[in-house]
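Content type PDB, C-alpha atoms, from the file coords18.pdb:
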```
ATOM      1  CA  MET A   1      21.950   1.898 -20.558
ATOM      2  CA  LEU A   2      24.493  -0.281 -22.407
ATOM      3  CA  TYR A   3      26.304  -1.064 -19.156
ATOM      4  CA  VAL A   4      23.017  -2.075 -17.503
ATOM      5  CA  PHE A   5      22.287  -4.426 -20.419
ATOM      6  CA  LEU A   6      25.771  -5.986 -20.185
ATOM      7  CA  SER A   7      25.400  -6.419 -16.422
ATOM      8  CA  ILE A   8      22.022  -8.123 -16.942
ATOM      9  CA  CYS A   9      23.571 -10.456 -19.538
ATOM     10  CA  CYS A  10      26.416 -11.431 -17.180
ATOM     11  CA  SER A  11      23.986 -12.113 -14.343
ATOM     12  CA  VAL A  12      21.788 -14.329 -16.531
ATOM     13  CA  VAL A  13      24.867 -16.138 -17.946
ATOM     14  CA  VAL A  14      25.743 -17.191 -14.369
ATOM     15  CA  SER A  15      22.271 -18.729 -13.977
ATOM     16  CA  VAL A  16      22.501 -20.472 -17.369
ATOM     17  CA  LEU A  17      25.916 -21.970 -16.506
ATOM     18  CA  LEU A  18      24.562 -23.261 -13.195
ATOM     19  CA  LYS A  19      21.521 -24.667 -15.012
ATOM     20  CA  GLN A  20      23.757 -26.613 -17.413
ATOM     21  CA  ALA A  21      26.105 -27.926 -14.695
ATOM     22  CA  LYS A  22      24.254 -31.195 -14.063
ATOM     23  CA  ARG A  23      23.769 -31.908 -17.776
ATOM     24  CA  TYR A  24      27.514 -31.721 -18.413
ATOM     25  CA  GLN A  25      28.413 -33.368 -15.070
ATOM     26  CA  ILE A  26      30.200 -30.305 -13.713
ATOM     27  CA  ASP A  27      31.233 -30.372 -10.051
ATOM     28  CA  VAL A  28      29.410 -27.203  -8.955
ATOM     29  CA  PHE A  29      31.388 -26.706  -5.755
ATOM     30  CA  GLN A  30      34.707 -26.987  -7.583
ATOM     31  CA  ALA A  31      33.541 -24.604 -10.332
ATOM     32  CA  ILE A  32      32.362 -22.086  -7.735
ATOM     33  CA  THR A  33      35.711 -22.331  -5.922
ATOM     34  CA  TRP A  34      37.721 -21.589  -9.085
ATOM     35  CA  ASN A  35      35.277 -18.850 -10.009
ATOM     36  CA  TYR A  36      36.630 -16.813  -7.099
ATOM     37  CA  SER A  37      40.236 -17.143  -8.281
ATOM     38  CA  MET A  38      39.271 -15.506 -11.583
ATOM     39  CA  ALA A  39      37.138 -12.879  -9.821
ATOM     40  CA  ILE A  40      40.114 -12.006  -7.573
ATOM     41  CA  LEU A  41      42.440 -11.617 -10.580
ATOM     42  CA  LEU A  42      40.005  -9.434 -12.543
ATOM     43  CA  THR A  43      39.171  -7.297  -9.496
ATOM     44  CA  TRP A  44      42.889  -6.675  -8.962
ATOM     45  CA  ILE A  45      43.426  -5.760 -12.640
ATOM     46  CA  PHE A  46      40.395  -3.509 -13.145
ATOM     47  CA  PHE A  47      39.825  -1.984  -9.697
ATOM     48  CA  LYS A  48      43.343  -1.980  -8.197
ATOM     49  CA  PRO A  49      42.016  -2.275  -4.623
ATOM     50  CA  GLN A  50      43.733  -0.214  -1.941
ATOM     51  CA  LEU A  51      44.691  -2.365   1.047
ATOM     52  CA  SER A  52      46.262   0.378   3.168
ATOM     53  CA  HIS A  53      43.270   0.508   5.560
ATOM     54  CA  ILE A  54      42.728  -3.233   5.724
ATOM     55  CA  ASN A  55      43.393  -3.219   9.480
ATOM     56  CA  GLU A  56      40.185  -1.166   9.938
ATOM     57  CA  LEU A  57      37.968  -3.860   8.442
ATOM     58  CA  PRO A  58      35.342  -5.517  10.701
ATOM     59  CA  VAL A  59      36.729  -9.068  10.727
ATOM     60  CA  TYR A  60      33.543 -10.916  11.695
ATOM     61  CA  ASN A  61      31.444  -9.224   8.985
ATOM     62  CA  TYR A  62      34.018 -10.145   6.353
ATOM     63  CA  LEU A  63      34.290 -13.734   7.570
ATOM     64  CA  ALA A  64      30.504 -14.046   7.473
ATOM     65  CA  LEU A  65      30.497 -12.777   3.882
ATOM     66  CA  GLY A  66      33.399 -15.068   2.985
ATOM     67  CA  ILE A  67      31.304 -18.026   4.155
ATOM     68  CA  LEU A  68      27.986 -16.802   2.723
ATOM     69  CA  PHE A  69      29.276 -16.024  -0.794
ATOM     70  CA  PRO A  70      30.245 -19.607  -1.769
ATOM     71  CA  SER A  71      27.514 -21.185   0.361
ATOM     72  CA  LEU A  72      24.760 -19.152  -1.335
ATOM     73  CA  PHE A  73      26.345 -19.841  -4.710
ATOM     74  CA  VAL A  74      25.953 -23.590  -4.073
ATOM     75  CA  ILE A  75      22.363 -23.113  -2.868
ATOM     76  CA  MET A  76      21.635 -20.954  -5.904
ATOM     77  CA  ALA A  77      22.960 -23.725  -8.169
ATOM     78  CA  SER A  78      20.617 -26.193  -6.471
ATOM     79  CA  SER A  79      17.710 -23.762  -6.794
ATOM     80  CA  VAL A  80      18.380 -23.167 -10.511
ATOM     81  CA  ARG A  81      18.514 -26.928 -11.111
ATOM     82  CA  LEU A  82      15.369 -27.797  -9.123
ATOM     83  CA  ALA A  83      13.177 -24.672  -9.205
ATOM     84  CA  GLY A  84      14.444 -23.190 -12.476
ATOM     85  CA  ILE A  85      16.107 -19.979 -13.647
ATOM     86  CA  VAL A  86      12.883 -17.928 -13.563
ATOM     87  CA  ARG A  87      11.995 -18.557  -9.922
ATOM     88  CA  THR A  88      15.608 -18.351  -8.722
ATOM     89  CA  ASP A  89      16.206 -14.984 -10.407
ATOM     90  CA  ILE A  90      13.013 -13.628  -8.849
ATOM     91  CA  ALA A  91      14.078 -14.839  -5.376
ATOM     92  CA  GLN A  92      17.570 -13.382  -5.761
ATOM     93  CA  ARG A  93      16.407 -10.005  -7.092
ATOM     94  CA  LEU A  94      13.656  -9.582  -4.502
ATOM     95  CA  SER A  95      16.193 -10.193  -1.724
ATOM     96  CA  LEU A  96      16.977  -6.470  -2.072
ATOM     97  CA  PHE A  97      13.885  -5.864   0.079
ATOM     98  CA  ILE A  98      15.479  -7.602   3.082
ATOM     99  CA  PRO A  99      17.810  -4.606   3.788
ATOM    100  CA  ILE A 100      14.795  -2.266   3.546
ATOM    101  CA  PHE A 101      12.926  -4.502   5.998
ATOM    102  CA  ALA A 102      15.987  -4.553   8.277
ATOM    103  CA  ALA A 103      16.308  -0.758   8.104
ATOM    104  CA  PHE A 104      12.743  -0.359   9.350
ATOM    105  CA  PHE A 105      12.518  -3.043  11.999
ATOM    106  CA  LEU A 106      16.132  -3.594  13.146
ATOM    107  CA  PHE A 107      17.940  -0.290  12.629
ATOM    108  CA  GLY A 108      15.041   2.008  13.568
ATOM    109  CA  GLU A 109      14.780   4.038  10.354
ATOM    110  CA  GLY A 110      11.554   5.966   9.787
ATOM    111  CA  LYS A 111       8.828   3.917   8.115
ATOM    112  CA  ASP A 112       7.868   4.872   4.569
ATOM    113  CA  ALA A 113       4.418   3.812   3.303
ATOM    114  CA  VAL A 114       5.620   3.258  -0.275
ATOM    115  CA  LYS A 115       8.505   1.047   0.839
ATOM    116  CA  ILE A 116       6.240  -0.957   3.149
ATOM    117  CA  ILE A 117       3.936  -1.611   0.175
ATOM    118  CA  GLY A 118       7.016  -2.671  -1.805
ATOM    119  CA  ILE A 119       8.049  -5.118   0.943
ATOM    120  CA  VAL A 120       4.551  -6.630   1.059
ATOM    121  CA  LEU A 121       4.548  -7.022  -2.738
ATOM    122  CA  ALA A 122       8.037  -8.602  -2.631
ATOM    123  CA  PHE A 123       6.998 -11.239  -0.099
ATOM    124  CA  THR A 124       3.803 -11.867  -2.087
ATOM    125  CA  ALA A 125       5.875 -12.398  -5.257
ATOM    126  CA  ILE A 126       8.113 -14.908  -3.470
ATOM    127  CA  ILE A 127       5.086 -16.857  -2.191
ATOM    128  CA  PHE A 128       3.558 -16.859  -5.693
ATOM    129  CA  SER A 129       6.867 -17.962  -7.250
ATOM    130  CA  ILE A 130       7.246 -21.068  -5.087
ATOM    131  CA  PRO A 131       6.394 -24.258  -7.023
ATOM    132  CA  TRP A 132       3.337 -25.274  -5.007
ATOM    133  CA  GLN A 133       2.044 -27.718  -7.617
ATOM    134  CA  LYS A 134       2.638 -31.417  -7.009
ATOM    135  CA  THR A 135       5.626 -32.960  -8.744
ATOM    136  CA  VAL A 136       6.741 -36.543  -9.284
ATOM    137  CA  SER A 137       8.628 -36.383  -6.007
ATOM    138  CA  ASN A 138       7.323 -34.491  -2.978
ATOM    139  CA  ARG A 139      10.871 -34.467  -1.604
ATOM    140  CA  VAL A 140      12.192 -32.678  -4.702
ATOM    141  CA  ASN A 141       9.304 -30.215  -4.476
ATOM    142  CA  LYS A 142      10.096 -29.416  -0.828
ATOM    143  CA  ILE A 143      13.806 -28.973  -1.555
ATOM    144  CA  SER A 144      13.067 -26.676  -4.515
ATOM    145  CA  TRP A 145      10.846 -24.250  -2.598
ATOM    146  CA  PHE A 146      13.135 -24.384   0.443
ATOM    147  CA  SER A 147      16.115 -23.483  -1.785
ATOM    148  CA  LEU A 148      14.158 -20.486  -3.139
ATOM    149  CA  VAL A 149      13.520 -19.226   0.394
ATOM    150  CA  LEU A 150      17.216 -19.689   1.253
ATOM    151  CA  VAL A 151      18.236 -17.740  -1.876
ATOM    152  CA  PHE A 152      15.849 -14.922  -0.933
ATOM    153  CA  VAL A 153      16.918 -14.711   2.723
ATOM    154  CA  GLY A 154      20.609 -15.470   2.104
ATOM    155  CA  PHE A 155      21.205 -12.794  -0.520
ATOM    156  CA  GLY A 156      19.222 -10.364   1.627
ATOM    157  CA  VAL A 157      21.530 -11.036   4.593
ATOM    158  CA  ILE A 158      24.561 -10.542   2.321
ATOM    159  CA  ASP A 159      23.143  -7.181   1.231
ATOM    160  CA  VAL A 160      22.619  -6.122   4.865
ATOM    161  CA  LEU A 161      26.218  -7.071   5.765
ATOM    162  CA  LEU A 162      27.603  -5.244   2.708
ATOM    163  CA  LYS A 163      25.620  -2.110   3.571
ATOM    164  CA  GLN A 164      27.026  -2.170   7.108
ATOM    165  CA  ILE A 165      30.577  -2.570   5.786
ATOM    166  CA  THR A 166      30.252   0.215   3.192
ATOM    167  CA  LYS A 167      29.578   2.659   6.030
ATOM    168  CA  ILE A 168      33.354   2.551   6.628
ATOM    169  CA  SER A 169      34.257   5.509   4.404
ATOM    170  CA  THR A 170      38.011   4.799   4.392
ATOM    171  CA  VAL A 171      37.532   1.469   2.587
ATOM    172  CA  PRO A 172      36.247   1.670  -1.030
ATOM    173  CA  PHE A 173      33.538  -0.780  -2.104
ATOM    174  CA  THR A 174      35.873  -2.352  -4.665
ATOM    175  CA  THR A 175      38.363  -3.143  -1.903
ATOM    176  CA  THR A 176      35.568  -4.676   0.165
ATOM    177  CA  ILE A 177      34.560  -6.951  -2.731
ATOM    178  CA  PHE A 178      38.211  -7.925  -3.321
ATOM    179  CA  VAL A 179      38.737  -8.940   0.324
ATOM    180  CA  VAL A 180      35.455 -10.903   0.361
ATOM    181  CA  PHE A 181      36.451 -12.715  -2.842
ATOM    182  CA  VAL A 182      39.813 -13.640  -1.292
ATOM    183  CA  LEU A 183      38.167 -14.982   1.877
ATOM    184  CA  ALA A 184      35.537 -16.868  -0.147
ATOM    185  CA  PHE A 185      38.286 -18.451  -2.262
ATOM    186  CA  ILE A 186      40.408 -19.451   0.765
ATOM    187  CA  LEU A 187      37.449 -20.976   2.621
ATOM    188  CA  SER A 188      35.991 -22.801  -0.385
ATOM    189  CA  MET A 189      39.451 -24.000  -1.477
ATOM    190  CA  THR A 190      39.965 -25.422   2.021
ATOM    191  CA  GLY A 191      36.740 -27.385   1.609
ATOM    192  CA  LEU A 192      37.765 -28.518  -1.880
ATOM    193  CA  ILE A 193      41.195 -29.703  -0.707
ATOM    194  CA  TYR A 194      39.466 -31.694   2.045
ATOM    195  CA  GLN A 195      37.195 -33.329  -0.542
ATOM    196  CA  VAL A 196      40.197 -34.186  -2.727
ATOM    197  CA  ALA A 197      42.139 -35.534   0.268
ATOM    198  CA  THR A 198      39.219 -37.766   1.260
ATOM    199  CA  LYS A 199      38.863 -38.847  -2.401
ATOM    200  CA  LYS A 200      35.317 -37.504  -2.696
ATOM    201  CA  THR A 201      36.381 -35.537  -5.770
ATOM    202  CA  ARG A 202      39.507 -34.704  -7.751
ATOM    203  CA  PHE A 203      40.908 -31.639  -9.473
ATOM    204  CA  SER A 204      39.756 -31.587 -13.076
ATOM    205  CA  TRP A 205      40.546 -29.093 -15.860
ATOM    206  CA  PRO A 206      36.964 -28.971 -17.228
ATOM    207  CA  HIS A 207      35.695 -27.952 -13.783
ATOM    208  CA  ILE A 208      38.452 -25.366 -13.418
ATOM    209  CA  LEU A 209      37.773 -23.870 -16.865
ATOM    210  CA  ILE A 210      34.022 -23.688 -16.226
ATOM    211  CA  GLY A 211      34.820 -22.052 -12.883
ATOM    212  CA  TRP A 212      36.946 -19.412 -14.609
ATOM    213  CA  ILE A 213      34.170 -18.711 -17.138
ATOM    214  CA  LEU A 214      31.761 -18.414 -14.220
ATOM    215  CA  GLY A 215      34.219 -16.006 -12.565
ATOM    216  CA  VAL A 216      34.361 -13.797 -15.686
ATOM    217  CA  ALA A 217      30.538 -13.582 -15.774
ATOM    218  CA  ASN A 218      30.359 -13.026 -12.008
ATOM    219  CA  PHE A 219      32.919 -10.219 -12.174
ATOM    220  CA  GLY A 220      31.387  -8.763 -15.359
ATOM    221  CA  ASN A 221      28.082  -8.378 -13.542
ATOM    222  CA  ILE A 222      29.781  -6.240 -10.870
ATOM    223  CA  LEU A 223      32.018  -4.312 -13.296
ATOM    224  CA  PHE A 224      29.245  -3.236 -15.673
ATOM    225  CA  TYR A 225      26.865  -2.515 -12.810
ATOM    226  CA  LEU A 226      29.371  -0.111 -11.245
ATOM    227  CA  LYS A 227      30.099   1.450 -14.657
ATOM    228  CA  ALA A 228      26.352   1.980 -15.156
ATOM    229  CA  HIS A 229      26.203   3.864 -11.854
ATOM    230  CA  VAL A 230      29.131   6.054 -12.954
ATOM    231  CA  ALA A 231      27.547   6.743 -16.365
ATOM    232  CA  LEU A 232      24.161   7.548 -14.775
ATOM    233  CA  ALA A 233      25.472   9.094 -11.572
ATOM    234  CA  ASN A 234      22.447  11.405 -11.258
ATOM    235  CA  ASN A 235      19.935   8.590 -11.558
ATOM    236  CA  PRO A 236      21.059   5.608  -9.423
ATOM    237  CA  SER A 237      17.490   4.423  -8.800
ATOM    238  CA  ALA A 238      16.915   4.031 -12.543
ATOM    239  CA  VAL A 239      20.022   1.834 -12.768
ATOM    240  CA  PHE A 240      18.943  -0.244  -9.798
ATOM    241  CA  SER A 241      15.376  -0.765 -10.992
ATOM    242  CA  ALA A 242      16.372  -1.413 -14.635
ATOM    243  CA  MET A 243      18.970  -3.959 -13.525
ATOM    244  CA  ASN A 244      16.634  -5.961 -11.299
ATOM    245  CA  ILE A 245      13.616  -5.823 -13.610
ATOM    246  CA  GLY A 246      15.869  -6.668 -16.569
ATOM    247  CA  VAL A 247      17.280  -9.795 -14.893
ATOM    248  CA  ILE A 248      13.785 -11.027 -14.003
ATOM    249  CA  VAL A 249      12.433 -10.400 -17.538
ATOM    250  CA  VAL A 250      15.451 -11.848 -19.415
ATOM    251  CA  GLY A 251      15.688 -14.765 -16.979
ATOM    252  CA  ALA A 252      11.964 -15.474 -17.463
ATOM    253  CA  PHE A 253      12.345 -15.405 -21.253
ATOM    254  CA  ILE A 254      15.330 -17.782 -21.251
ATOM    255  CA  GLY A 255      13.810 -20.084 -18.630
ATOM    256  CA  MET A 256      10.432 -20.448 -20.340
ATOM    257  CA  PHE A 257      11.375 -20.388 -24.029
ATOM    258  CA  ILE A 258      14.866 -21.931 -24.103
ATOM    259  CA  PHE A 259      14.848 -24.327 -21.148
ATOM    260  CA  LYS A 260      11.066 -24.937 -21.345
ATOM    261  CA  GLU A 261      10.553 -24.378 -17.627
ATOM    262  CA  LYS A 262       6.900 -24.915 -16.715
ATOM    263  CA  LEU A 263       5.286 -22.203 -14.633
ATOM    264  CA  SER A 264       1.829 -22.229 -13.117
ATOM    265  CA  LEU A 265      -0.525 -19.258 -13.495
ATOM    266  CA  LEU A 266       0.345 -18.322  -9.896
ATOM    267  CA  ASN A 267       4.083 -18.334 -10.785
ATOM    268  CA  LYS A 268       3.450 -16.028 -13.766
ATOM    269  CA  ILE A 269       1.494 -13.660 -11.552
ATOM    270  CA  GLY A 270       4.502 -13.778  -9.195
ATOM    271  CA  ILE A 271       6.747 -12.467 -12.007
ATOM    272  CA  ALA A 272       4.381  -9.533 -12.577
ATOM    273  CA  VAL A 273       4.139  -8.802  -8.835
ATOM    274  CA  ALA A 274       7.955  -8.928  -8.518
ATOM    275  CA  ILE A 275       8.349  -6.309 -11.265
ATOM    276  CA  LEU A 276       5.610  -4.205  -9.670
ATOM    277  CA  ALA A 277       7.384  -4.382  -6.277
ATOM    278  CA  ILE A 278      10.615  -3.010  -7.786
ATOM    279  CA  ILE A 279       8.711  -0.254  -9.633
ATOM    280  CA  VAL A 280       6.883   0.765  -6.443
ATOM    281  CA  ILE A 281      10.176   1.138  -4.555
ATOM    282  CA  TYR A 282      12.465   2.723  -7.137
ATOM    283  CA  PHE A 283      10.395   4.618  -9.696
ATOM    284  CA  PRO A 284       9.173   7.211  -7.148
ATOM    285  CA  GLN A 285      12.846   7.986  -6.400
ATOM    286  CA  THR A 286      13.641   8.101 -10.132
ATOM    287  CA  LEU A 287      10.784  10.418 -11.031
ATOM    288  CA  GLY A 288      10.899  12.479  -7.870
ATOM    289  CA  PHE A 289       7.263  12.048  -6.823
ATOM    290  CA  LEU A 290       4.860   9.640  -5.086
ATOM    291  CA  HIS A 291       7.174   9.520  -2.063
ATOM    292  CA  ILE A 292       4.902   9.382   0.972
TER
END
```

Could you rewrite the structure in this file as structure tokens?
Amino acid sequence: MLYVFLSICCSVVVSVLLKQAKRYQIDVFQAITWNYSMAILLTWIFFKPQLSHINELPVYNYLALGILFPSLFVIMASSVRLAGIVRTDIAQRLSLFIPIFAAFFLFGEGKDAVKIIGIVLAFTAIIFSIPWQKTVSNRVNKISWFSLVLVFVGFGVIDVLLKQITKISTVPFTTTIFVVFVLAFILSMTGLIYQVATKKTRFSWPHILIGWILGVANFGNILFYLKAHVALANNPSAVFSAMNIGVIVVGAFIGMFIFKEKLSLLNKIGIAVAILAIIVIYFPQTLGFLHI
């Protein structure tokens, strides 16, 4: 489980860096753009992606992912800043239920009672996690809960698109991630160059360095997660559940005790319901029973 722990740490580090961006006046969009340059380099070094079948790739799916990756990263940064690490991590992790929902209601897969319960619990956890309490600014409150919903739906859509792409057996997953990183970097760099040309921002080494650190953490999350699946090849559900529960628990600890994020009783119940939702879905597969 060492690889799972390292993957959890990398995932939480990304959230912490995004949380600190405003405090240290980091241009989030520029940092996210440079993050992909580092992720591309590390993916090439560690995974050595095979591009021989690149002509078989579904162009529109990859373009959609190339747009969604940086866009959701920016939204996630806004969510972390306004709604906090705890709520954002819950929204991101529970987005894994969107592909299950899509499998049932869009792709016609047979309905499973346990998974339906898991979906209901996931949506309940999201509703409980939204900051319903009144804040100093109603506008900020609306933006914060709206960003949480976008994180939940957006990462779920990304997961659906990735699952559709991975059905192409001739293209390894690591190659898919490499191509998406390249597209995300090209598209976000185009936007950054436009901002520089219109003098809305300027290239700055601190932003570039933070972006590279973000890229190392972003890539580390993927690298250690894949290594965990290799090390525990006979128990993928355990890896999946441990990873998602771990991020929620560690993120909650850091958010509440280090950044002093204030959560209502309803929000705390949402954390418990989120963990329960993941257990309901993945522990039956891990233990080999309770599958209705």

- Task: Using only C-alpha atoms, find the one residue out of A:Val149, A:Ala242, A:Ala77, A:Leu96 that sits nearest to Val28 (chain A).
- Result: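 Result for the nearest residue to Val28 (chain A): A:Ala77.
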
- Message: Would you compute the distance between CA of Ile254 (chain A) and CA of Val12 (chain A)? Give it in Å to one decimal.
- Response: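 Here the two named atoms are 8.7 Å from each other.
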
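Pairwise distance (CA of Lys268 (chain A), CA of Ala217 (chain A)) equals 27.3 Å.
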
- What residues come out when you apply the PyMOL selection byres ((chain A and resi 245) around 12) to this file, written as a ChimeraX atom specification? /A:4-5,8,89-90,92-94,237-244,246-252,271-283

Could you give me the centre and size, in Å to one decimal, of an axis-aligned box around all listed atoms of region 49-53 of chain A with 6 Å added on every side, as AutoDock Vina command-line options?
```
--center_x 44.1 --center_y -0.9 --center_z 0.5 --size_x 16.2 --size_y 14.9 --size_z 22.2
```

- Item | the PyMOL selection byres ((chain A and resi 261) around 10) applied to the shown file, residues as a PyMOL selection string | chain A and resi 83-87+252-260+262-263

- Would you translate the PyMOL selection byres ((chain A and resi 82) around 12) into the concrete set of residues it matches in this file, as a ChimeraX atom specification? /A:18-20,22,75-81,83-88,130-131,135,137,139-148,261-262

Counting all atoms listed in the file, which residues of region 71-91 of chain A fall within 12 Å of region 184-200 of chain A, and what is the closest atom pair for each with its distance in Å at one decimal, ordered by chain and rising number, as JSON lines?
```
{"residue": "A:Ser71", "atom": "CA", "partner": "A:Ser188", "partner_atom": "CA", "distance": 8.7}
{"residue": "A:Leu72", "atom": "CA", "partner": "A:Ala184", "partner_atom": "CA", "distance": 11.1}
{"residue": "A:Phe73", "atom": "CA", "partner": "A:Ala184", "partner_atom": "CA", "distance": 10.7}
{"residue": "A:Val74", "atom": "CA", "partner": "A:Ser188", "partner_atom": "CA", "distance": 10.7}
```

- Task: In Å, rounded to a single decimal, give me how far CA of Ile213 (chain A) is from CA of Tyr225 (chain A).
- Result: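 Answer for the CA of Tyr225 (chain A) to CA of Ile213 (chain A) separation: 18.3 Å.
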
- Exercise: Thr174 (chain A) partners within 8 Å, all atoms listed in the file, chain neighbours under 2 positions left out, as a ChimeraX atom specification: /A:43,47,49,172,176-178

- Query: For Ile126 (chain A), which residue out of A:Asp112, A:Val153, A:Arg23, A:Ile165 is the nearest one, using all atoms listed in the file?
  - Reply: A:Val153
